[in-house]
file query-v2.cif (mmCIF, C-alpha atoms and all ligand atoms)
data_upload
loop_
_atom_site.label_atom_id
_atom_site.label_comp_id
_atom_site.auth_asym_id
_atom_site.auth_seq_id
_atom_site.Cartn_x
_atom_site.Cartn_y
_atom_site.Cartn_z
CA MET A 1 0.00 0.00 0.00
CA ARG A 2 3.07 2.18 -0.39
CA ALA A 3 4.96 3.46 -3.45
CA THR A 4 7.46 6.15 -4.39
CA ALA A 5 7.60 7.82 -7.79
CA LYS A 6 9.79 10.44 -9.38
CA ALA A 7 8.58 12.79 -12.13
CA HIS A 8 10.26 15.66 -13.92
CA THR A 9 8.73 18.95 -14.83
CA ASN A 10 8.26 19.93 -18.48
CA ILE A 11 8.34 23.08 -20.54
CA ALA A 12 5.69 23.58 -23.22
CA LEU A 13 6.88 24.53 -26.71
CA ILE A 14 3.26 24.66 -27.86
CA LYS A 15 1.32 26.04 -24.92
CA TYR A 16 -1.76 24.75 -23.17
CA TRP A 17 -3.74 27.92 -22.59
CA GLY A 18 -7.49 27.57 -22.18
CA LYS A 19 -9.92 24.99 -20.83
CA ARG A 20 -13.17 23.75 -22.34
CA ASP A 21 -14.06 22.00 -19.06
CA GLU A 22 -12.79 23.44 -15.77
CA SER A 23 -13.47 20.53 -13.48
CA LEU A 24 -12.27 17.69 -15.73
CA ILE A 25 -9.38 19.89 -16.95
CA LEU A 26 -10.01 19.53 -20.68
CA PRO A 27 -8.07 21.92 -22.90
CA THR A 28 -9.10 23.92 -25.95
CA ASN A 29 -6.00 22.90 -27.93
CA ASN A 30 -3.26 20.28 -28.11
CA SER A 31 0.04 21.20 -26.48
CA LEU A 32 3.57 19.82 -26.75
CA SER A 33 6.46 19.88 -24.30
CA VAL A 34 9.92 18.65 -23.51
CA THR A 35 10.51 16.98 -20.15
CA LEU A 36 13.52 18.38 -18.23
CA ASP A 37 15.99 16.36 -16.20
CA GLY A 38 17.07 19.21 -13.94
CA PHE A 39 13.77 19.66 -12.13
CA TYR A 40 11.73 16.93 -10.45
CA THR A 41 9.51 15.84 -7.59
CA GLU A 42 9.78 12.63 -5.57
CA THR A 43 6.61 11.52 -3.85
CA THR A 44 5.85 8.64 -1.50
CA VAL A 45 2.23 7.67 -0.98
CA ALA A 46 1.28 5.23 1.79
CA PHE A 47 -2.38 4.22 2.14
CA ASN A 48 -3.22 3.19 5.67
CA GLU A 49 -6.52 1.91 7.09
CA ALA A 50 -5.77 3.56 10.42
CA LEU A 51 -5.84 7.09 8.92
CA LYS A 52 -9.02 9.18 9.28
CA GLN A 53 -7.98 11.67 6.59
CA ASP A 54 -5.15 12.28 4.12
CA GLN A 55 -1.89 13.84 5.28
CA PHE A 56 0.41 15.84 3.04
CA THR A 57 3.95 17.03 3.67
CA LEU A 58 5.97 19.00 1.13
CA ASP A 59 9.71 19.33 1.70
CA GLY A 60 9.18 18.20 5.28
CA GLN A 61 6.45 20.75 6.09
CA SER A 62 2.88 19.75 6.84
CA ILE A 63 0.56 21.39 4.28
CA SER A 64 -3.04 22.57 4.70
CA GLY A 65 -5.29 24.93 2.72
CA VAL A 66 -5.61 25.06 -1.06
CA GLN A 67 -2.56 22.89 -1.79
CA TYR A 68 -3.82 20.19 0.58
CA ASP A 69 -7.30 20.35 -0.97
CA ARG A 70 -5.90 19.83 -4.46
CA VAL A 71 -4.03 16.74 -3.26
CA THR A 72 -7.02 15.15 -1.46
CA THR A 73 -9.36 15.92 -4.36
CA PHE A 74 -6.90 14.16 -6.61
CA LEU A 75 -6.60 11.17 -4.24
CA ASP A 76 -10.42 10.91 -4.22
CA LEU A 77 -10.21 10.26 -7.92
CA VAL A 78 -7.63 7.51 -7.49
CA ARG A 79 -9.72 5.99 -4.66
CA ASP A 80 -12.76 6.08 -6.94
CA VAL A 81 -10.99 4.24 -9.75
CA ALA A 82 -9.65 1.65 -7.28
CA GLY A 83 -13.04 1.31 -5.54
CA LYS A 84 -11.51 2.04 -2.12
CA LYS A 85 -13.49 4.99 -0.90
CA ASN A 86 -12.44 5.48 2.73
CA LEU A 87 -8.80 4.52 2.48
CA TYR A 88 -6.65 7.54 3.31
CA ALA A 89 -3.00 8.17 2.60
CA ALA A 90 0.09 9.86 3.94
CA VAL A 91 1.75 11.75 1.09
CA ASP A 92 5.36 12.91 1.34
CA SER A 93 6.72 15.06 -1.48
CA VAL A 94 10.14 16.49 -2.05
CA ASN A 95 10.43 19.14 -4.73
CA LYS A 96 13.68 19.53 -6.63
CA VAL A 97 12.20 22.39 -8.61
CA PRO A 98 13.72 25.65 -7.38
CA THR A 99 10.54 27.69 -6.91
CA ALA A 100 12.39 30.79 -8.07
CA ALA A 101 13.00 29.17 -11.45
CA GLY A 102 9.35 29.74 -12.26
CA PHE A 103 8.60 26.21 -13.39
CA ALA A 104 5.15 24.95 -12.66
CA SER A 105 6.07 22.51 -9.87
CA SER A 106 2.47 21.34 -10.23
CA ALA A 107 3.54 19.44 -13.38
CA SER A 108 6.16 17.25 -11.70
CA GLY A 109 4.14 17.29 -8.47
CA PHE A 110 0.93 15.85 -9.88
CA ALA A 111 2.73 13.42 -12.18
CA ALA A 112 4.66 11.98 -9.20
CA LEU A 113 1.54 11.98 -7.00
CA ALA A 114 -0.53 10.21 -9.65
CA ALA A 115 2.10 7.55 -10.32
CA ALA A 116 2.84 6.85 -6.64
CA SER A 117 -0.80 6.85 -5.50
CA ALA A 118 -2.01 4.64 -8.36
CA ARG A 119 0.70 2.09 -7.67
CA ALA A 120 0.28 2.26 -3.88
CA ILE A 121 -3.45 1.58 -4.09
CA GLY A 122 -2.86 -1.40 -6.36
CA LEU A 123 -3.90 -0.05 -9.76
CA SER A 124 -1.83 -1.14 -12.72
CA LEU A 125 -2.30 1.52 -15.37
CA THR A 126 -0.89 2.01 -18.84
CA ASP A 127 1.00 5.28 -19.41
CA GLN A 128 -2.04 6.55 -21.27
CA GLU A 129 -4.38 5.79 -18.39
CA LEU A 130 -1.94 7.33 -15.95
CA SER A 131 -1.64 10.46 -18.10
CA ARG A 132 -5.43 10.78 -18.25
CA ILE A 133 -5.77 10.65 -14.45
CA THR A 134 -2.78 12.97 -13.94
CA ARG A 135 -4.44 15.55 -16.21
CA GLN A 136 -7.18 15.98 -13.63
CA GLY A 137 -4.65 17.12 -11.03
CA SER A 138 -3.03 19.74 -13.27
CA GLY A 139 -3.27 19.87 -17.05
CA SER A 140 0.40 20.34 -17.88
CA ALA A 141 1.30 17.42 -15.57
CA CYS A 142 -0.18 14.85 -17.96
CA ARG A 143 2.77 15.45 -20.32
CA SER A 144 5.34 14.68 -17.58
CA ILE A 145 4.49 10.96 -17.63
CA TYR A 146 6.83 10.69 -20.64
CA GLY A 147 10.45 11.57 -21.15
CA GLY A 148 11.71 13.54 -24.16
CA PHE A 149 8.95 15.21 -26.18
CA ALA A 150 5.27 14.62 -25.40
CA GLU A 151 2.02 15.89 -26.87
CA TRP A 152 -1.21 16.31 -24.93
CA GLU A 153 -4.06 15.40 -27.24
CA MET A 154 -7.00 17.58 -26.25
CA GLY A 155 -9.60 14.97 -27.21
CA LYS A 156 -13.19 15.62 -28.23
CA ARG A 157 -15.34 13.70 -25.77
CA ALA A 158 -17.16 15.50 -22.97
CA ASP A 159 -16.06 12.91 -20.39
CA GLY A 160 -12.35 13.48 -21.12
CA SER A 161 -11.70 9.82 -21.92
CA ASP A 162 -9.71 10.77 -25.05
CA SER A 163 -7.71 13.61 -23.45
CA TYR A 164 -4.20 12.48 -22.46
CA ALA A 165 -0.58 12.85 -23.46
CA VAL A 166 1.31 10.60 -25.87
CA PRO A 167 5.07 10.28 -26.44
CA ILE A 168 6.43 12.08 -29.53
CA ALA A 169 10.17 11.34 -29.31
CA PRO A 170 12.28 9.76 -26.53
CA VAL A 171 15.08 11.52 -24.64
CA ASP A 172 17.83 10.05 -26.83
CA HIS A 173 16.19 11.30 -30.04
CA TRP A 174 17.71 14.76 -29.67
CA ASP A 175 19.91 16.53 -27.16
CA ILE A 176 18.35 19.96 -26.89
CA ARG A 177 18.95 22.08 -23.81
CA VAL A 178 16.93 24.55 -21.79
CA ALA A 179 18.28 27.36 -19.63
CA ALA A 180 15.92 28.60 -16.92
CA VAL A 181 16.65 32.29 -16.52
CA VAL A 182 15.71 33.50 -13.05
CA LEU A 183 14.90 37.18 -12.83
CA ASN A 184 14.78 39.78 -10.17
CA ALA A 185 11.03 40.15 -10.62
CA THR A 186 7.95 40.65 -8.47
CA LYS A 187 5.71 37.67 -7.63
CA LYS A 188 3.00 37.03 -10.21
CA LYS A 189 -0.45 38.30 -9.31
CA VAL A 190 -2.52 36.09 -11.61
CA SER A 191 -2.13 32.30 -11.31
CA SER A 192 -2.05 30.28 -14.53
CA ARG A 193 -5.42 28.75 -13.67
CA GLU A 194 -7.05 32.14 -13.12
CA GLY A 195 -5.26 33.78 -16.07
CA MET A 196 -6.32 31.03 -18.43
CA LYS A 197 -9.94 31.33 -17.36
CA ARG A 198 -10.03 35.11 -17.67
CA THR A 199 -8.53 34.85 -21.14
CA VAL A 200 -11.06 32.25 -22.31
CA ASP A 201 -13.97 34.24 -20.87
CA THR A 202 -13.03 37.73 -22.04
CA SER A 203 -10.18 37.99 -24.57
CA PRO A 204 -11.24 38.66 -28.18
CA PHE A 205 -7.84 37.24 -29.20
CA PHE A 206 -8.59 33.84 -27.70
CA ALA A 207 -10.41 32.46 -30.75
CA SER A 208 -7.49 33.28 -33.06
CA TRP A 209 -5.08 31.69 -30.61
CA VAL A 210 -7.01 28.42 -30.75
CA GLU A 211 -7.36 28.64 -34.51
CA SER A 212 -3.65 29.22 -35.12
CA ASN A 213 -2.48 26.33 -32.97
CA PRO A 214 -2.76 23.28 -35.28
CA VAL A 215 -0.35 24.85 -37.79
CA ASP A 216 2.23 25.49 -35.04
CA LEU A 217 1.75 21.98 -33.74
CA ASN A 218 2.24 20.26 -37.10
CA GLY A 219 5.25 22.43 -37.87
CA ILE A 220 6.97 21.73 -34.58
CA LYS A 221 6.35 17.99 -34.82
CA ALA A 222 8.01 17.94 -38.23
CA GLY A 223 10.87 20.04 -36.79
CA ILE A 224 11.38 17.62 -33.90
CA LYS A 225 11.29 14.63 -36.23
CA HIS A 226 14.03 16.10 -38.43
CA ARG A 227 15.95 17.67 -35.53
CA ASP A 228 15.55 21.06 -37.19
CA PHE A 229 16.47 23.39 -34.33
CA GLU A 230 15.71 26.68 -36.14
CA LYS A 231 12.26 25.50 -37.04
CA VAL A 232 11.44 24.19 -33.56
CA GLY A 233 12.81 27.32 -31.89
CA GLU A 234 11.04 29.76 -34.21
CA ILE A 235 7.69 28.05 -33.76
CA ALA A 236 8.08 27.73 -29.97
CA GLU A 237 9.00 31.40 -29.59
CA ALA A 238 6.14 32.58 -31.80
CA ASN A 239 3.64 30.29 -30.06
CA CYS A 240 4.65 31.67 -26.66
CA LEU A 241 4.23 35.24 -27.91
CA LYS A 242 0.77 34.43 -29.22
CA MET A 243 -0.23 32.96 -25.86
CA HIS A 244 0.99 36.07 -24.04
CA ALA A 245 -0.79 38.32 -26.55
CA THR A 246 -4.14 36.81 -25.54
CA THR A 247 -3.76 38.09 -21.97
CA LEU A 248 -3.41 41.70 -23.17
CA GLY A 249 -6.88 41.45 -24.68
CA ALA A 250 -8.48 40.06 -21.51
CA ASN A 251 -10.78 42.06 -19.25
CA PRO A 252 -9.26 43.23 -17.01
CA PRO A 253 -6.08 43.02 -19.09
CA PHE A 254 -2.94 41.53 -17.61
CA THR A 255 0.52 40.35 -18.58
CA TYR A 256 3.13 38.03 -17.08
CA LEU A 257 5.95 39.87 -18.86
CA GLN A 258 7.96 42.30 -16.75
CA ASP A 259 10.70 44.72 -17.78
CA THR A 260 13.47 42.21 -17.09
CA THR A 261 11.53 39.59 -19.07
CA LEU A 262 11.59 41.87 -22.12
CA THR A 263 15.31 42.53 -21.63
CA VAL A 264 16.04 38.79 -21.74
CA MET A 265 13.78 38.27 -24.76
CA GLN A 266 15.70 40.97 -26.63
CA ALA A 267 19.06 39.53 -25.56
CA VAL A 268 18.04 36.12 -26.95
CA GLN A 269 17.07 37.70 -30.26
CA ALA A 270 20.39 39.57 -30.28
CA MET A 271 22.25 36.27 -29.78
CA ARG A 272 20.50 34.97 -32.88
CA ALA A 273 21.49 38.05 -34.84
CA ASN A 274 25.08 37.20 -33.84
CA GLY A 275 24.80 33.67 -35.18
CA ILE A 276 23.98 31.76 -31.97
CA PRO A 277 20.71 29.87 -32.42
CA ALA A 278 18.76 30.40 -29.19
CA PHE A 279 15.02 30.88 -28.68
CA PHE A 280 12.88 31.82 -25.70
CA THR A 281 9.65 30.57 -24.27
CA ILE A 282 7.77 31.90 -21.24
CA ASP A 283 5.00 30.35 -19.12
CA ALA A 284 2.56 32.10 -16.82
CA GLY A 285 5.23 34.10 -15.00
CA PRO A 286 8.07 36.56 -15.62
CA ASN A 287 10.97 34.09 -15.96
CA VAL A 288 12.32 33.06 -19.33
CA LYS A 289 13.36 29.62 -20.60
CA VAL A 290 15.94 29.60 -23.39
CA LEU A 291 16.29 26.73 -25.86
CA TYR A 292 19.77 26.10 -27.23
CA LEU A 293 22.05 23.35 -28.53
CA PRO A 294 24.84 21.74 -26.46
CA GLU A 295 27.64 23.22 -28.56
CA ASN A 296 26.49 26.74 -27.63
CA GLU A 297 26.07 26.12 -23.91
CA ARG A 298 29.02 28.22 -22.72
CA THR A 299 28.13 31.25 -24.85
CA VAL A 300 24.46 31.09 -24.01
CA GLU A 301 25.07 30.77 -20.26
CA LYS A 302 27.64 33.57 -20.24
CA THR A 303 25.39 35.90 -22.23
CA LEU A 304 22.36 35.23 -20.05
CA ARG A 305 24.30 35.68 -16.80
CA GLY A 306 25.53 39.04 -18.05
CA ILE A 307 22.05 40.52 -18.48
CA PRO A 308 21.08 43.09 -15.82
CA GLY A 309 18.26 41.74 -13.63
CA VAL A 310 19.22 38.08 -14.13
CA THR A 311 19.86 36.48 -10.72
CA ASP A 312 20.49 32.88 -11.79
CA VAL A 313 20.68 30.62 -14.83
CA ILE A 314 19.91 26.92 -14.37
CA LEU A 315 20.82 24.60 -17.24
CA SER A 316 18.95 21.42 -18.05
CA LYS A 317 18.95 18.58 -20.56
CA SER A 318 15.82 16.78 -21.58
CA GLY A 319 14.75 14.21 -19.01
CA GLN A 320 13.06 10.86 -18.43
CA GLY A 321 9.42 10.14 -17.78
CA VAL A 322 7.99 8.81 -14.53
CA THR A 323 10.10 6.25 -12.67
CA TYR A 324 9.44 4.26 -9.51
CA LEU A 325 11.96 4.19 -6.69
C1 LIG B 1 1.36 28.46 -19.24
O1 LIG B 1 -1.11 23.02 -15.95
O2 LIG B 1 -0.57 24.85 -14.29
O3 LIG B 1 2.43 26.61 -18.22
O4 LIG B 1 -4.43 22.71 -15.55
O5 LIG B 1 -5.11 24.74 -14.29
O6 LIG B 1 -3.43 23.18 -13.31
P1 LIG B 1 -4.02 23.78 -14.58
O7 LIG B 1 -2.89 24.67 -15.26
P2 LIG B 1 -1.34 24.41 -15.49
O8 LIG B 1 -1.10 25.44 -16.68
C2 LIG B 1 0.09 25.54 -17.37
C3 LIG B 1 0.03 26.61 -18.39
C4 LIG B 1 1.34 26.97 -19.04
C5 LIG B 1 1.47 26.32 -20.42
C6 LIG B 1 1.79 24.84 -20.47
O9 LIG B 1 2.47 24.30 -19.58
O10 LIG B 1 1.40 24.24 -21.47
#

call {"tool": "encode", "arguments": {"input": "query-v2.cif", "output": "structure tokens", "more": "lines below"}}
Ligand code: DP6
result
Amino acid sequence: MRATAKAHTNIALIKYWGKRDESLILPTNNSLSVTLDGFYTETTVAFNEALKQDQFTLDGQSISGVQYDRVTTFLDLVRDVAGKKNLYAAVDSVNKVPTAAGFASSASGFAALAAASARAIGLSLTDQELSRITRQGSGSACRSIYGGFAEWEMGKRADGSDSYAVPIAPVDHWDIRVAAVVLNATKKKVSSREGMKRTVDTSPFFASWVESNPVDLNGIKAGIKHRDFEKVGEIAEANCLKMHATTLGANPPFTYLQDTTLTVMQAVQAMRANGIPAFFTIDAGPNVKVLYLPENERTVEKTLRGIPGVTDVILSKSGQGVTYL
């Protein structure tokens, strides 16, 4: 009744931005990401008949409130599938995702929680089934089941049965790198969940965002297949800009981009003008992720560290999917 799983976070090259069903977490478009080896969560789940409710510790601290509620709601789902309604669990998570790096730790967090809890309660799931359950904890987490590149297929059905991630290319297909650029920035005011919802409900740009996505997706999949870095980088950067453009049209309008974010974006474009292929992508926060190739690592790191307002640069390769410890 006990299992430990490790899952890495991922960075989306084609963004998930918009839900068609809030409670089942069903998206309005497919998304595609690369899993990163530098950032992960390890979670142990132990179901125990003596427990009267779930317990959750994160990095050794007992957690209550919204974070606790998201974990128990997710465990209810796993209990439902297993047909073990009143069996509670002790959940211990350790996050190796520096919070300052601005990665959604919910991606590695829910992927590790899903894998450990499903195994601990005795379910034996395929990756696809695991991805589908994980999705209901946090959308982007369903891609972290796989290593390398993964695509979350939005699906069409109202019950979400066809909405899960699938592997696109394994880790050893292509050694591309990601630098997480940590900025001296203020804490974000709008969470990704809230920002996404406000955009869907009010932004006149949202429809064009959804409409433009399949072309980006097909292009990037061809780019990954042929290891065409320029193509993958150009599409990822443009897709991220389109996502961020939708927030400017929302009511009330908002943006995750801060002045230091723009400085880094311009520095990345300047690197390109100087012959170093590097491209940026940005999630629902001010920090920037830079895609580059191994042969340019030194130059890219040095350039990024030299930008005013940059407090840290954390380098990562692409990483493995879920593993059990
Ligand atoms: C901008 O997966 O954190 O990082 O499904 O509401 O938990 P919920 O949202 P979440 O959103 C991530 C949005 C994004 C883009 C992406 O990872 O695709």

call {"tool": "atom_distance", "arguments": {"input": "query-v2.cif", "atom1": "CA of Asp283 (chain A)", "atom2": "CA of Ile314 (chain A)"}}
result
16.0 Å

call {"tool": "residues_near_ligand", "arguments": {"input": "query-v2.cif", "ligand": "ligand LIG 1 (chain B)", "cutoff": "8 Å", "atoms": "only C-alpha atoms and all ligand atoms", "output": "PyMOL selection string"}}
result
chain A and resi 10-17+19+22+25+31-33+103-104+106-107+135-141+192-194+196+282-284

call {"tool": "residues_around", "arguments": {"input": "query-v2.cif", "residues": "Val181 (chain A)", "least_positions_apart": "5", "cutoff": "9 Å", "atoms": "all atoms listed in the file", "output": "ChimeraX atom specification"}}
result
/A:101-102,264,287-290,304-305,310-315

call {"tool": "residues_around", "arguments": {"input": "query-v2.cif", "residues": "Asn296 (chain A)", "least_positions_apart": "6", "cutoff": "10 Å", "atoms": "only C-alpha atoms", "output": "NGL selection string"}}
result
:A and (177 or 276-278)

call {"tool": "residues_near_point", "arguments": {"input": "query-v2.cif", "point": "(19.7, 19.5, -37.6)", "cutoff": "12 Å", "atoms": "all atoms listed in the file", "output": "count of residues only"}}
result
18

call {"tool": "residues_near_point", "arguments": {"input": "query-v2.cif", "point": "(-8.4, 6.7, -18.2)", "cutoff": "6 Å", "atoms": "only C-alpha atoms", "output": "list of chain:residue names"}}
result
A:Glu129, A:Arg132, A:Ser161

call {"tool": "write_last_selection", "arguments": {"input": "query-v2.cif", "atoms": "C-alpha atoms", "output": "short mmCIF file (atom, residue, chain, number, x, y, z; two decimals), in the coordinates of the input"}}
result
data_model
loop_
_atom_site.label_atom_id
_atom_site.label_comp_id
_atom_site.auth_asym_id
_atom_site.auth_seq_id
_atom_site.Cartn_x
_atom_site.Cartn_y
_atom_site.Cartn_z
CA GLU A 129 -4.38 5.79 -18.39
CA ARG A 132 -5.43 10.78 -18.25
CA SER A 161 -11.70 9.82 -21.92
#

call {"tool": "build_atoms", "arguments": {"input": "query-v2.cif", "residues": "region 233-262 of chain A", "atoms": "N, CA and C atoms", "output": "short mmCIF file (atom, residue, chain, number, x, y, z; two decimals), in the coordinates of the input"}}
result
data_model
loop_
_atom_site.label_atom_id
_atom_site.label_comp_id
_atom_site.auth_asym_id
_atom_site.auth_seq_id
_atom_site.Cartn_x
_atom_site.Cartn_y
_atom_site.Cartn_z
N GLY A 233 12.65 26.11 -32.70
CA GLY A 233 12.81 27.32 -31.89
C GLY A 233 11.92 28.45 -32.37
N GLU A 234 11.87 28.67 -33.67
CA GLU A 234 11.04 29.76 -34.21
C GLU A 234 9.57 29.55 -33.87
N ILE A 235 9.11 28.32 -34.04
CA ILE A 235 7.69 28.05 -33.76
C ILE A 235 7.40 28.19 -32.27
N ALA A 236 8.30 27.66 -31.43
CA ALA A 236 8.08 27.73 -29.97
C ALA A 236 8.02 29.19 -29.51
N GLU A 237 8.95 29.99 -30.00
CA GLU A 237 9.00 31.40 -29.59
C GLU A 237 7.73 32.14 -30.04
N ALA A 238 7.33 31.91 -31.29
CA ALA A 238 6.14 32.58 -31.80
C ALA A 238 4.88 32.11 -31.06
N ASN A 239 4.81 30.82 -30.76
CA ASN A 239 3.64 30.29 -30.06
C ASN A 239 3.52 30.90 -28.66
N CYS A 240 4.65 31.05 -27.99
CA CYS A 240 4.65 31.67 -26.66
C CYS A 240 4.19 33.13 -26.75
N LEU A 241 4.65 33.84 -27.77
CA LEU A 241 4.23 35.24 -27.91
C LEU A 241 2.73 35.35 -28.17
N LYS A 242 2.22 34.41 -28.95
CA LYS A 242 0.77 34.43 -29.22
C LYS A 242 -0.02 34.18 -27.93
N MET A 243 0.45 33.22 -27.13
CA MET A 243 -0.23 32.96 -25.86
C MET A 243 -0.24 34.22 -25.00
N HIS A 244 0.92 34.88 -24.90
CA HIS A 244 0.99 36.07 -24.04
C HIS A 244 0.17 37.23 -24.61
N ALA A 245 0.03 37.26 -25.93
CA ALA A 245 -0.79 38.32 -26.55
C ALA A 245 -2.25 38.19 -26.13
N THR A 246 -2.72 36.97 -25.90
CA THR A 246 -4.14 36.81 -25.54
C THR A 246 -4.46 37.49 -24.21
N THR A 247 -3.49 37.53 -23.30
CA THR A 247 -3.76 38.09 -21.97
C THR A 247 -3.93 39.61 -22.04
N LEU A 248 -3.30 40.23 -23.03
CA LEU A 248 -3.41 41.70 -23.17
C LEU A 248 -4.82 42.10 -23.60
N GLY A 249 -5.51 41.16 -24.23
CA GLY A 249 -6.88 41.45 -24.68
C GLY A 249 -7.93 41.09 -23.64
N ALA A 250 -7.51 40.50 -22.53
CA ALA A 250 -8.48 40.06 -21.51
C ALA A 250 -9.06 41.26 -20.76
N ASN A 251 -10.14 41.01 -20.03
CA ASN A 251 -10.78 42.06 -19.25
C ASN A 251 -10.99 41.60 -17.81
N PRO A 252 -10.30 42.21 -16.81
CA PRO A 252 -9.26 43.23 -17.01
C PRO A 252 -7.99 42.64 -17.64
N PRO A 253 -7.28 43.49 -18.41
CA PRO A 253 -6.08 43.02 -19.09
C PRO A 253 -4.96 42.71 -18.09
N PHE A 254 -4.09 41.82 -18.46
CA PHE A 254 -2.94 41.53 -17.61
C PHE A 254 -1.81 40.98 -18.47
N THR A 255 -0.61 40.97 -17.89
CA THR A 255 0.52 40.35 -18.58
C THR A 255 1.46 39.74 -17.56
N TYR A 256 2.12 38.66 -17.95
CA TYR A 256 3.13 38.03 -17.08
C TYR A 256 4.52 38.60 -17.36
N LEU A 257 4.64 39.36 -18.44
CA LEU A 257 5.95 39.87 -18.86
C LEU A 257 6.31 41.12 -18.07
N GLN A 258 7.49 41.12 -17.48
CA GLN A 258 7.96 42.30 -16.75
C GLN A 258 9.13 42.92 -17.51
N ASP A 259 9.64 44.04 -17.01
CA ASP A 259 10.70 44.72 -17.78
C ASP A 259 11.93 43.82 -17.98
N THR A 260 12.30 43.09 -16.93
CA THR A 260 13.47 42.21 -17.09
C THR A 260 13.19 41.06 -18.06
N THR A 261 11.91 40.64 -18.11
CA THR A 261 11.53 39.59 -19.07
C THR A 261 11.83 40.07 -20.49
N LEU A 262 11.39 41.31 -20.77
CA LEU A 262 11.59 41.87 -22.12
C LEU A 262 13.08 42.02 -22.43
#
